[in-house]
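Colleague: For reference, the file protein.pdb (PDB, C-alpha atoms, pLDDT in the B column) is included below:
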ATOM      1  CA  MET T1485      16.209 -54.495  26.034  1.00 78.00           C
ATOM      2  CA  SER T1486      14.050 -56.186  23.490  1.00 89.00           C
ATOM      3  CA  VAL T1487      14.274 -55.538  19.788  1.00 91.00           C
ATOM      4  CA  LEU T1488      11.008 -53.655  19.892  1.00 92.00           C
ATOM      5  CA  GLU T1489      12.245 -51.315  22.613  1.00 93.00           C
ATOM      6  CA  THR T1490      15.487 -50.723  20.744  1.00 93.00           C
ATOM      7  CA  VAL T1491      13.673 -49.818  17.578  1.00 93.00           C
ATOM      8  CA  LEU T1492      11.268 -47.536  19.449  1.00 93.00           C
ATOM      9  CA  ILE T1493      14.056 -45.649  21.174  1.00 93.00           C
ATOM     10  CA  PHE T1494      16.539 -45.340  18.334  1.00 95.00           C
ATOM     11  CA  VAL T1495      14.122 -44.944  15.440  1.00 95.00           C
ATOM     12  CA  GLY T1496      10.798 -43.889  16.915  1.00 95.00           C
ATOM     13  CA  ALA T1497      12.110 -41.113  19.172  1.00 95.00           C
ATOM     14  CA  PRO T1498      14.237 -39.363  16.494  1.00 96.00           C
ATOM     15  CA  ALA T1499      11.400 -39.704  14.034  1.00 97.00           C
ATOM     16  CA  ALA T1500       9.039 -38.080  16.510  1.00 96.00           C
ATOM     17  CA  VAL T1501      11.437 -35.180  17.055  1.00 96.00           C
ATOM     18  CA  ILE T1502      11.851 -34.709  13.313  1.00 96.00           C
ATOM     19  CA  ALA T1503       8.087 -34.743  12.849  1.00 96.00           C
ATOM     20  CA  VAL T1504       7.588 -32.073  15.514  1.00 95.00           C
ATOM     21  CA  VAL T1505      10.240 -29.784  14.004  1.00 94.00           C
ATOM     22  CA  ALA T1506       8.910 -30.274  10.490  1.00 93.00           C
ATOM     23  CA  GLY T1507       5.407 -29.545  11.716  1.00 92.00           C
ATOM     24  CA  LEU T1508       6.545 -26.308  13.331  1.00 90.00           C
ATOM     25  CA  VAL T1509       8.439 -25.219  10.237  1.00 85.00           C
ATOM     26  CA  TYR T1510       5.776 -25.914   7.656  1.00 83.00           C
ATOM     27  CA  GLY T1511       2.639 -25.590   9.731  1.00 78.00           C
ATOM     28  CA  GLY T1512       3.608 -22.550  11.761  1.00 66.00           C
ATOM     29  CA  SER T1513       3.761 -19.862   9.101  1.00 61.00           C
ATOM     30  CA  ARG T1514       0.533 -18.640   7.610  1.00 59.00           C
ATOM     31  CA  ARG T1515       0.499 -19.445   3.908  1.00 59.00           C
ATOM     32  CA  GLY T1516       4.118 -18.407   3.580  1.00 58.00           C
ATOM     33  CA  ARG T1517       3.140 -15.153   1.888  1.00 72.00           C
ATOM     34  CA  ARG T1518       6.106 -13.026   2.582  1.00 81.00           C
ATOM     35  CA  TYR T1519       7.583 -10.508   0.237  1.00 89.00           C
ATOM     36  CA  ARG T1520      11.145 -11.302  -0.778  1.00 88.00           C
ATOM     37  CA  PRO T1521      12.723  -8.945  -3.287  1.00 89.00           C
ATOM     38  CA  GLY T1522      13.390 -10.670  -6.546  1.00 86.00           C
ATOM     39  CA  ARG T1523      10.838 -13.412  -6.070  1.00 86.00           C
ATOM     40  CA  PRO T1524       7.357 -13.168  -7.533  1.00 87.00           C
ATOM     41  CA  PHE T1525       4.831 -11.999  -4.983  1.00 88.00           C
ATOM     42  CA  GLU T1526       1.175 -12.614  -5.766  1.00 86.00           C
ATOM     43  CA  PHE T1527      -1.359 -10.255  -4.260  1.00 88.00           C
ATOM     44  CA  MET T1528      -4.352  -8.139  -5.106  1.00 87.00           C
ATOM     45  CA  PRO T1529      -3.395  -4.538  -5.861  1.00 91.00           C
ATOM     46  CA  VAL T1530      -4.594  -2.225  -3.113  1.00 90.00           C
ATOM     47  CA  TRP T1531      -5.045   1.505  -2.888  1.00 91.00           C
ATOM     48  CA  PHE T1532      -5.581   3.185   0.430  1.00 90.00           C
ATOM     49  CA  LEU T1533      -6.731   6.539   1.642  1.00 89.00           C
ATOM     50  CA  SER T1534      -7.267   7.443   5.220  1.00 83.00           C
ATOM     51  CA  SER T1535     -10.826   7.303   6.422  1.00 69.00           C
ATOM     52  CA  GLN T1536     -13.359   9.571   4.815  1.00 58.00           C
ATOM     53  CA  ALA T1537     -14.312  11.439   7.950  1.00 47.00           C
ATOM     54  CA  GLN T1538     -10.712  12.304   8.540  1.00 42.00           C
ATOM     55  CA  ALA T1539     -10.139  13.355   4.978  1.00 43.00           C
ATOM     56  CA  SER T1540     -13.012  15.778   5.156  1.00 41.00           C
ATOM     57  CA  GLY T1541     -11.814  16.949   8.544  1.00 38.00           C
ATOM     58  CA  ALA T1542      -8.477  17.705   6.982  1.00 37.00           C
ATOM     59  CA  GLY T1543      -9.828  20.602   5.065  1.00 38.00           C
ATOM     60  CA  HIS T1544     -11.570  19.195   2.026  1.00 38.00           C
ATOM     61  CA  SER T1545     -15.249  19.169   1.556  1.00 37.00           C
ATOM     62  CA  ALA T1546     -16.666  15.773   2.250  1.00 36.00           C
ATOM     63  CA  GLY T1547     -18.586  15.893  -0.974  1.00 38.00           C
ATOM     64  CA  ASP T1548     -15.451  16.082  -3.046  1.00 39.00           C
ATOM     65  CA  ASP T1549     -13.954  13.064  -1.391  1.00 38.00           C
ATOM     66  CA  ARG T1550     -17.075  11.073  -1.716  1.00 37.00           C
ATOM     67  CA  ARG T1551     -17.417  11.830  -5.378  1.00 36.00           C
ATOM     68  CA  ALA T1552     -13.877  10.834  -6.148  1.00 38.00           C
ATOM     69  CA  VAL T1553     -14.043   7.703  -4.126  1.00 40.00           C
ATOM     70  CA  THR T1554     -17.416   6.425  -5.149  1.00 36.00           C
ATOM     71  CA  GLY T1555     -17.482   7.744  -8.662  1.00 33.00           C
ATOM     72  CA  THR T1556     -16.667   4.335  -9.998  1.00 36.00           C
ATOM     73  CA  ALA T1557     -17.939   2.373  -7.064  1.00 34.00           C
ATOM     74  CA  GLU T1558     -20.256   0.248  -9.076  1.00 32.00           C
ATOM     75  CA  ARG T1559     -17.380  -1.362 -10.874  1.00 34.00           C
ATOM     76  CA  ALA T1560     -16.790  -3.807  -8.131  1.00 36.00           C
ATOM     77  CA  ALA T1561     -14.594  -6.358  -9.788  1.00 36.00           C
ATOM     78  CA  LEU T1562     -10.939  -5.573  -9.870  1.00 40.00           C
ATOM     79  CA  PRO T1563      -9.862  -5.343 -13.495  1.00 41.00           C
ATOM     80  CA  ALA T1564      -6.464  -6.880 -13.477  1.00 38.00           C
ATOM     81  CA  ARG T1565      -3.615  -4.645 -14.525  1.00 39.00           C
ATOM     82  CA  THR T1566      -5.694  -2.115 -16.427  1.00 38.00           C
ATOM     83  CA  PRO T1567      -5.262   1.472 -15.375  1.00 38.00           C
ATOM     84  CA  ALA T1568      -8.637   3.044 -14.975  1.00 39.00           C
ATOM     85  CA  GLY T1569      -9.273   3.924 -18.175  1.00 37.00           C
ATOM     86  CA  GLU T1570     -10.916   3.887 -21.364  1.00 40.00           C
ATOM     87  CA  ASP T1571     -14.507   4.020 -20.114  1.00 42.00           C
ATOM     88  CA  GLY T1572     -16.253   5.950 -17.364  1.00 37.00           C
ATOM     89  CA  PRO T1573     -14.659   8.627 -15.232  1.00 40.00           C
ATOM     90  CA  GLU T1574     -11.522   9.313 -17.167  1.00 40.00           C
ATOM     91  CA  PRO T1575     -12.528  12.528 -18.992  1.00 40.00           C
ATOM     92  CA  ALA T1576     -13.365  14.302 -15.769  1.00 41.00           C
ATOM     93  CA  VAL T1577     -10.116  13.130 -14.285  1.00 43.00           C
ATOM     94  CA  ALA T1578      -7.998  14.211 -17.203  1.00 43.00           C
ATOM     95  CA  ALA T1579      -8.672  17.824 -16.344  1.00 43.00           C
ATOM     96  CA  ALA T1580      -6.436  17.573 -13.305  1.00 45.00           C
ATOM     97  CA  PRO T1581      -3.159  19.415 -13.688  1.00 48.00           C
ATOM     98  CA  HIS T1582      -0.397  17.080 -14.684  1.00 51.00           C
ATOM     99  CA  GLY T1583       2.688  19.134 -15.230  1.00 55.00           C
ATOM    100  CA  ALA T1584       2.763  20.518 -11.727  1.00 82.00           C
ATOM    101  CA  THR T1585       3.351  17.286  -9.904  1.00 88.00           C
ATOM    102  CA  GLY T1586       6.615  16.571  -8.193  1.00 91.00           C
ATOM    103  CA  GLY T1587       7.971  13.745  -6.153  1.00 91.00           C
ATOM    104  CA  ALA T1588      10.640  11.117  -6.424  1.00 93.00           C
ATOM    105  CA  SER T1589      11.355   7.664  -7.777  1.00 93.00           C
ATOM    106  CA  ASP T1590      13.463   4.863  -6.480  1.00 93.00           C
ATOM    107  CA  ARG T1591      14.330   1.233  -7.075  1.00 92.00           C
ATOM    108  CA  TRP T1592      15.643  -1.478  -4.862  1.00 91.00           C
TER
ATOM    109  CA  MET Z 351      -9.653   0.386   5.638  1.00 47.00           C
ATOM    110  CA  THR Z 352     -11.008  -1.428   2.711  1.00 44.00           C
ATOM    111  CA  ALA Z 353      -9.342  -2.817  -0.328  1.00 45.00           C
ATOM    112  CA  GLY Z 354      -9.017  -0.379  -3.138  1.00 48.00           C
ATOM    113  CA  GLU Z 355     -10.082  -1.286  -6.565  1.00 46.00           C
ATOM    114  CA  LEU Z 356      -7.453  -0.549  -9.118  1.00 56.00           C
ATOM    115  CA  ASP Z 357      -9.348   2.362 -10.547  1.00 58.00           C
ATOM    116  CA  ARG Z 358     -10.224   4.052  -7.330  1.00 60.00           C
ATOM    117  CA  PRO Z 359      -8.735   4.390  -3.901  1.00 64.00           C
ATOM    118  CA  ALA Z 360     -10.534   3.011  -0.936  1.00 60.00           C
ATOM    119  CA  THR Z 361     -11.360   4.900   2.177  1.00 55.00           C
ATOM    120  CA  GLY Z 362     -12.714   3.895   5.466  1.00 45.00           C
ATOM    121  CA  GLN Z 363     -11.680   3.052   8.924  1.00 39.00           C
ATOM    122  CA  VAL Z 364     -10.190  -0.254   9.678  1.00 40.00           C
ATOM    123  CA  SER Z 365     -12.750  -2.003  11.718  1.00 36.00           C
ATOM    124  CA  HIS Z 366     -13.516  -5.615  12.066  1.00 36.00           C
ATOM    125  CA  GLY Z 367     -16.748  -4.982  10.303  1.00 36.00           C
ATOM    126  CA  SER Z 368     -15.200  -3.504   7.217  1.00 42.00           C
ATOM    127  CA  VAL Z 369     -12.454  -6.079   7.088  1.00 41.00           C
ATOM    128  CA  THR Z 370     -14.875  -8.952   7.213  1.00 45.00           C
ATOM    129  CA  GLY Z 371     -17.182  -7.077   4.884  1.00 53.00           C
ATOM    130  CA  HIS Z 372     -14.383  -6.777   2.326  1.00 54.00           C
ATOM    131  CA  PRO Z 373     -12.247  -9.844   2.717  1.00 59.00           C
ATOM    132  CA  GLU Z 374     -10.447  -9.065  -0.527  1.00 70.00           C
ATOM    133  CA  VAL Z 375      -8.261  -6.655   1.421  1.00 74.00           C
ATOM    134  CA  LEU Z 376      -6.721  -9.695   3.030  1.00 76.00           C
ATOM    135  CA  ASP Z 377      -5.663 -10.928  -0.410  1.00 79.00           C
ATOM    136  CA  GLY Z 378      -3.525  -7.835  -0.536  1.00 83.00           C
ATOM    137  CA  PRO Z 379       0.068  -7.776   0.574  1.00 87.00           C
ATOM    138  CA  PHE Z 380      -0.658  -6.872   4.192  1.00 90.00           C
ATOM    139  CA  THR Z 381      -1.784  -8.657   7.308  1.00 88.00           C
ATOM    140  CA  THR Z 382      -4.616  -7.300   9.401  1.00 88.00           C
ATOM    141  CA  ARG Z 383      -2.215  -5.862  11.921  1.00 91.00           C
ATOM    142  CA  GLN Z 384      -0.231  -4.104   9.214  1.00 92.00           C
ATOM    143  CA  LEU Z 385      -3.446  -2.710   7.751  1.00 91.00           C
ATOM    144  CA  LEU Z 386      -4.368  -1.255  11.117  1.00 92.00           C
ATOM    145  CA  ARG Z 387      -0.986   0.384  11.465  1.00 94.00           C
ATOM    146  CA  LEU Z 388      -1.162   1.726   7.913  1.00 93.00           C
ATOM    147  CA  ASP Z 389      -4.570   3.186   8.545  1.00 93.00           C
ATOM    148  CA  GLU Z 390      -3.358   4.847  11.703  1.00 93.00           C
ATOM    149  CA  ALA Z 391      -0.299   6.253   9.925  1.00 94.00           C
ATOM    150  CA  LEU Z 392      -2.395   7.642   7.075  1.00 94.00           C
ATOM    151  CA  ARG Z 393      -4.868   9.211   9.464  1.00 93.00           C
ATOM    152  CA  LEU Z 394      -2.154  10.821  11.537  1.00 93.00           C
ATOM    153  CA  ALA Z 395      -0.364  12.113   8.446  1.00 93.00           C
ATOM    154  CA  ASP Z 396      -3.549  13.562   6.990  1.00 93.00           C
ATOM    155  CA  ARG Z 397      -4.534  15.164  10.248  1.00 92.00           C
ATOM    156  CA  SER Z 398      -1.191  16.721  11.029  1.00 93.00           C
ATOM    157  CA  THR Z 399      -0.397  18.053   7.562  1.00 92.00           C
ATOM    158  CA  SER Z 400      -3.907  18.624   6.161  1.00 92.00           C
ATOM    159  CA  LEU Z 401      -2.622  17.060   2.966  1.00 92.00           C
ATOM    160  CA  THR Z 402      -4.143  13.821   1.690  1.00 93.00           C
ATOM    161  CA  PHE Z 403      -1.841  10.846   1.730  1.00 95.00           C
ATOM    162  CA  SER Z 404      -2.642   7.802  -0.335  1.00 95.00           C
ATOM    163  CA  VAL Z 405      -0.856   4.489  -0.777  1.00 95.00           C
ATOM    164  CA  TYR Z 406      -1.046   2.299  -3.852  1.00 94.00           C
ATOM    165  CA  VAL Z 407       0.572  -1.129  -3.873  1.00 94.00           C
ATOM    166  CA  GLY Z 408       0.421  -3.017  -7.132  1.00 93.00           C
ATOM    167  CA  GLU Z 409       1.812  -3.252 -10.607  1.00 92.00           C
ATOM    168  CA  LEU Z 410       2.610  -0.030 -12.432  1.00 93.00           C
ATOM    169  CA  ASP Z 411       2.442  -0.004 -16.200  1.00 91.00           C
ATOM    170  CA  GLU Z 412       5.196   1.482 -18.302  1.00 87.00           C
ATOM    171  CA  PRO Z 413       5.848   4.324 -18.334  1.00 91.00           C
ATOM    172  CA  VAL Z 414       5.782   4.010 -14.599  1.00 93.00           C
ATOM    173  CA  ARG Z 415       5.929   7.674 -13.743  1.00 94.00           C
ATOM    174  CA  ALA Z 416       3.012   8.489 -16.026  1.00 93.00           C
ATOM    175  CA  HIS Z 417       0.928   5.694 -14.543  1.00 94.00           C
ATOM    176  CA  ALA Z 418       1.627   6.917 -11.022  1.00 94.00           C
ATOM    177  CA  GLU Z 419       0.690  10.458 -11.992  1.00 93.00           C
ATOM    178  CA  LYS Z 420      -2.505   9.185 -13.555  1.00 93.00           C
ATOM    179  CA  LEU Z 421      -3.440   7.444 -10.323  1.00 93.00           C
ATOM    180  CA  HIS Z 422      -2.580  10.609  -8.426  1.00 93.00           C
ATOM    181  CA  ALA Z 423      -4.835  12.638 -10.702  1.00 92.00           C
ATOM    182  CA  GLN Z 424      -7.761  10.424  -9.741  1.00 92.00           C
ATOM    183  CA  LEU Z 425      -7.621  11.482  -6.112  1.00 91.00           C
ATOM    184  CA  ALA Z 426     -10.222  13.920  -4.866  1.00 89.00           C
ATOM    185  CA  ASP Z 427      -7.898  16.902  -4.667  1.00 89.00           C
ATOM    186  CA  PRO Z 428      -4.713  16.060  -6.565  1.00 91.00           C
ATOM    187  CA  ASP Z 429      -3.053  19.388  -5.830  1.00 92.00           C
ATOM    188  CA  ARG Z 430      -3.107  18.732  -2.125  1.00 92.00           C
ATOM    189  CA  SER Z 431      -2.455  15.010  -2.330  1.00 93.00           C
ATOM    190  CA  VAL Z 432       0.591  12.832  -2.002  1.00 95.00           C
ATOM    191  CA  LEU Z 433       0.573   9.401  -3.582  1.00 95.00           C
ATOM    192  CA  LEU Z 434       3.010   6.674  -2.660  1.00 96.00           C
ATOM    193  CA  ALA Z 435       2.933   4.075  -5.420  1.00 95.00           C
ATOM    194  CA  VAL Z 436       4.866   0.893  -4.757  1.00 94.00           C
ATOM    195  CA  SER Z 437       5.317  -2.031  -7.104  1.00 94.00           C
ATOM    196  CA  PRO Z 438       6.962  -4.887  -5.191  1.00 93.00           C
ATOM    197  CA  ASN Z 439       7.339  -7.156  -8.207  1.00 92.00           C
ATOM    198  CA  GLN Z 440       8.924  -4.508 -10.395  1.00 92.00           C
ATOM    199  CA  ARG Z 441      10.949  -3.368  -7.394  1.00 93.00           C
ATOM    200  CA  LEU Z 442      10.271   0.277  -7.969  1.00 93.00           C
ATOM    201  CA  MET Z 443       8.322   3.031  -6.330  1.00 95.00           C
ATOM    202  CA  GLU Z 444       7.083   6.510  -7.106  1.00 95.00           C
ATOM    203  CA  ILE Z 445       6.133   9.373  -4.864  1.00 96.00           C
ATOM    204  CA  VAL Z 446       3.831  11.875  -6.553  1.00 95.00           C
ATOM    205  CA  THR Z 447       3.133  15.222  -4.937  1.00 95.00           C
ATOM    206  CA  GLY Z 448       0.498  17.623  -6.181  1.00 94.00           C
ATOM    207  CA  ALA Z 449       1.174  21.274  -6.947  1.00 93.00           C
ATOM    208  CA  GLU Z 450       0.211  22.500  -3.471  1.00 91.00           C
ATOM    209  CA  ALA Z 451       1.756  19.548  -1.689  1.00 92.00           C
ATOM    210  CA  ARG Z 452       4.984  20.099  -3.570  1.00 93.00           C
ATOM    211  CA  LYS Z 453       5.455  23.493  -1.962  1.00 92.00           C
ATOM    212  CA  ARG Z 454       5.476  21.814   1.425  1.00 92.00           C
ATOM    213  CA  LEU Z 455       7.295  18.702   0.255  1.00 93.00           C
ATOM    214  CA  PRO Z 456      10.150  19.605  -2.067  1.00 93.00           C
ATOM    215  CA  ASP Z 457      11.383  16.862  -4.332  1.00 93.00           C
ATOM    216  CA  ARG Z 458      14.501  16.625  -2.194  1.00 94.00           C
ATOM    217  CA  ASP Z 459      12.443  15.596   0.828  1.00 94.00           C
ATOM    218  CA  ALA Z 460      10.419  13.194  -1.275  1.00 95.00           C
ATOM    219  CA  LYS Z 461      13.632  11.624  -2.515  1.00 95.00           C
ATOM    220  CA  LEU Z 462      14.875  11.245   1.029  1.00 95.00           C
ATOM    221  CA  ALA Z 463      11.689   9.449   2.016  1.00 95.00           C
ATOM    222  CA  ALA Z 464      11.929   7.318  -1.126  1.00 95.00           C
ATOM    223  CA  LEU Z 465      15.457   6.290  -0.175  1.00 95.00           C
ATOM    224  CA  SER Z 466      14.485   5.070   3.260  1.00 95.00           C
ATOM    225  CA  MET Z 467      11.424   3.332   1.885  1.00 96.00           C
ATOM    226  CA  ALA Z 468      13.512   1.560  -0.738  1.00 95.00           C
ATOM    227  CA  ALA Z 469      15.932   0.483   1.973  1.00 95.00           C
ATOM    228  CA  ALA Z 470      13.102  -1.167   3.900  1.00 95.00           C
ATOM    229  CA  PHE Z 471      11.632  -2.725   0.756  1.00 94.00           C
ATOM    230  CA  GLY Z 472      15.017  -4.114  -0.159  1.00 93.00           C
ATOM    231  CA  GLY Z 473      14.956  -5.943   3.141  1.00 92.00           C
ATOM    232  CA  GLY Z 474      11.551  -7.362   2.329  1.00 91.00           C
ATOM    233  CA  ASP Z 475       9.608  -5.112   4.699  1.00 92.00           C
ATOM    234  CA  LEU Z 476       6.769  -3.659   2.644  1.00 92.00           C
ATOM    235  CA  ALA Z 477       4.579  -2.376   5.433  1.00 93.00           C
ATOM    236  CA  GLY Z 478       7.501  -1.010   7.412  1.00 95.00           C
ATOM    237  CA  GLY Z 479       8.809   0.883   4.414  1.00 95.00           C
ATOM    238  CA  ILE Z 480       5.461   2.448   3.710  1.00 96.00           C
ATOM    239  CA  LEU Z 481       4.978   3.429   7.337  1.00 96.00           C
ATOM    240  CA  THR Z 482       8.447   4.973   7.365  1.00 95.00           C
ATOM    241  CA  GLY Z 483       7.731   6.864   4.176  1.00 95.00           C
ATOM    242  CA  ILE Z 484       4.432   8.260   5.382  1.00 95.00           C
ATOM    243  CA  ALA Z 485       5.940   9.325   8.683  1.00 95.00           C
ATOM    244  CA  GLN Z 486       8.885  11.007   7.018  1.00 95.00           C
ATOM    245  CA  LEU Z 487       6.799  12.809   4.437  1.00 95.00           C
ATOM    246  CA  ALA Z 488       4.362  14.008   7.066  1.00 94.00           C
ATOM    247  CA  ASN Z 489       7.252  15.158   9.182  1.00 93.00           C
ATOM    248  CA  HIS Z 490       8.833  17.109   6.367  1.00 92.00           C
ATOM    249  CA  ALA Z 491       5.544  18.641   5.303  1.00 90.00           C
ATOM    250  CA  GLY Z 492       5.176  20.008   8.803  1.00 86.00           C
ATOM    251  CA  ARG Z 493       2.046  20.877  10.699  1.00 78.00           C
ATOM    252  CA  ARG Z 494      -0.622  23.013   9.195  1.00 72.00           C
TER
END
Represent the structure contained in this file as structure tokens.
Modeller:
Amino acid sequence: MSVLETVLIFVGAPAAVIAVVAGLVYGGSRRGRRYRPGRPFEFMPVWFLSSQAQASGAGHSAGDDRRAVTGTAERAALPARTPAGEDGPEPAVAAAPHGATGGASDRW
Amino acid sequence: MTAGELDRPATGQVSHGSVTGHPEVLDGPFTTRQLLRLDEALRLADRSTSLTFSVYVGELDEPVRAHAEKLHAQLADPDRSVLLAVSPNQRLMEIVTGAEARKRLPDRDAKLAALSMAAAFGGGDLAGGILTGIAQLANHAGRR
């Protein structure tokens, strides 16, 4: 066995295996964006309702839903970390009853 | 389902059109598959209970409870709405039920759902926890 063959078998082959495993580990996961409690998790805040047709089918008037959902629709950019606030639709919203809400809180 | 702006919830079916039309939803914490499942869960919950379920995932300002209630008040019909507000980075969550919804969902049931959601979140499963919470709340609210 020549020196070249020896090097190929004992260095090249393990290196190839290591490269394949490393490629699977680092290349396989998409962006590595997984939530792990306690570590910072960067994402855009999201707020979901079910679809509009369904919401109106569920006993509300479609007009109400549409108003609430599109009332501020023109403000397209997501203002980071500011609760909707100080400007547009807040006065109308403030009329909603506050004291009557219930629910629960939890931490993990 | 489309991405919600912070000052308003988003509605809409999950379809490939809307997802590609609003790619910012993919900057959110969920994958496309999770978004589809969330949308389905919300639709089923809304249909079976005739309440309006809404999910907010993002930072909550202090005081947290007040911020969650403020978001809840922005829904179309707050009295008949249930908001699940989850802040993964602060590791806390709030469930807000409106006056009408609260009659069907006592705080005890909301707390029970919050416990199982927090258990899933503690394991790093955001979407799973939310799905569990919606299913449990809808179950407790009963059919109407």
Colleague: What does the distance between CA of Val446 (chain Z) and CA of Ala391 (chain Z) come to in Å, to one decimal place?
Modeller: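 Separating CA of Val446 (chain Z) from CA of Ala391 (chain Z) is a distance of 17.9 Å.
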Colleague: What gap, in Å, lies between CA of Met1528 (chain T) and CA of Leu465 (chain Z)?
Modeller: 25.0 Å
Colleague: So which residues touch Arg415 (chain Z) within 7 Å, counting all atoms listed in the file, skipping near sequence neighbours fewer than 3 positions away, as a ChimeraX atom specification?
Modeller: /Z:418-419,444
Colleague: Using the selection just defined, write its residues with C-alpha atoms as a PDB file, in the coordinates of the input.
Modeller:
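For reference, result_4.pdb as written:
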ATOM      1  CA  ALA Z 418       1.627   6.917 -11.022  1.00 94.00           C
ATOM      2  CA  GLU Z 419       0.690  10.458 -11.992  1.00 93.00           C
ATOM      3  CA  GLU Z 444       7.083   6.510  -7.106  1.00 95.00           C
TER       4      GLU Z 444
END
Colleague: Please return as a ChimeraX atom specification every residue within 12 Å of (3.3, -12.9, -7.7), taking into account only C-alpha atoms and the file's own coordinates.
Modeller: /T:1517-1529 /Z:377-379,408-409,437-440
Colleague: Using the file's own x, y and z axes, so that the box edges lie along x, y and z, what centre and edge lengths in Å (one decimal) does a box around every listed atom of region 1519-1530 of chain T get when 8 Å is added on each side? Give it as AutoDock Vina command-line options.
Modeller:
--center_x 4.4 --center_y -7.8 --center_z -3.6 --size_x 34.0 --size_y 27.2 --size_z 23.8
Colleague: Could you tell me which of Z:Lys420, Z:Arg397, Z:Arg383, Z:Lys453 comes closest to Leu433 (chain Z) if we count only C-alpha atoms?
Modeller: Z:Lys420
Colleague: So that I can see what lies close to Gly483 (chain Z), please list as a count of residues only the residues with an atom at most 8 Å from it, counting only C-alpha atoms and leaving out residues fewer than 3 positions away in the same chain.
Modeller: 8
Colleague: Give as a count of residues only the residues that the PyMOL selection byres ((chain Z and resi 434) around 10) matches when applied to the coordinates above.
Modeller: 27
Colleague: Write out as a PyMOL selection string which residues come within 8 Å of Arg430 (chain Z) when counting all atoms listed in the file, dropping same-chain ones fewer than 2 positions away.
Modeller: chain Z and resi 401-402+427-428+432+447-451
Colleague: Do you have the CA of Asp1590 (chain T)-CA of Gly472 (chain Z) distance handy?
Modeller: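 CA of Asp1590 (chain T) sits 11.1 Å away from CA of Gly472 (chain Z).
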Colleague: Can you work out which one of Z:Val414, Z:Ala485, Z:Ala477, Z:Leu392 has the shortest atom-to-atom distance to chain T, counting all atoms listed in the file?
Modeller: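 Nearest to chain T: Z:Leu392.
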Colleague: Between T:Gly1586, T:Ser1486, T:Gly1496, T:Trp1592, which has the minimum distance to Leu476 (chain Z) (counting all atoms listed in the file)?
Modeller: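 Residue with the minimum atom-to-atom distance to Leu476 (chain Z): T:Trp1592.
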Colleague: Have a look at Z:Ala416, Z:Arg393, Z:His490, Z:Gln424 and name the one nearest to Lys461 (chain Z); count all atoms listed in the file.
Modeller: Z:His490
Colleague: Of the candidates Z:Ala491, Z:Leu442, Z:Val375, Z:Ala395, which shows the shortest atom-to-atom distance to Arg454 (chain Z), using all atoms listed in the file?
Modeller: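 Going through Z:Ala491, Z:Leu442, Z:Val375, Z:Ala395 one by one, the smallest distance to Arg454 (chain Z) is for Z:Ala491.
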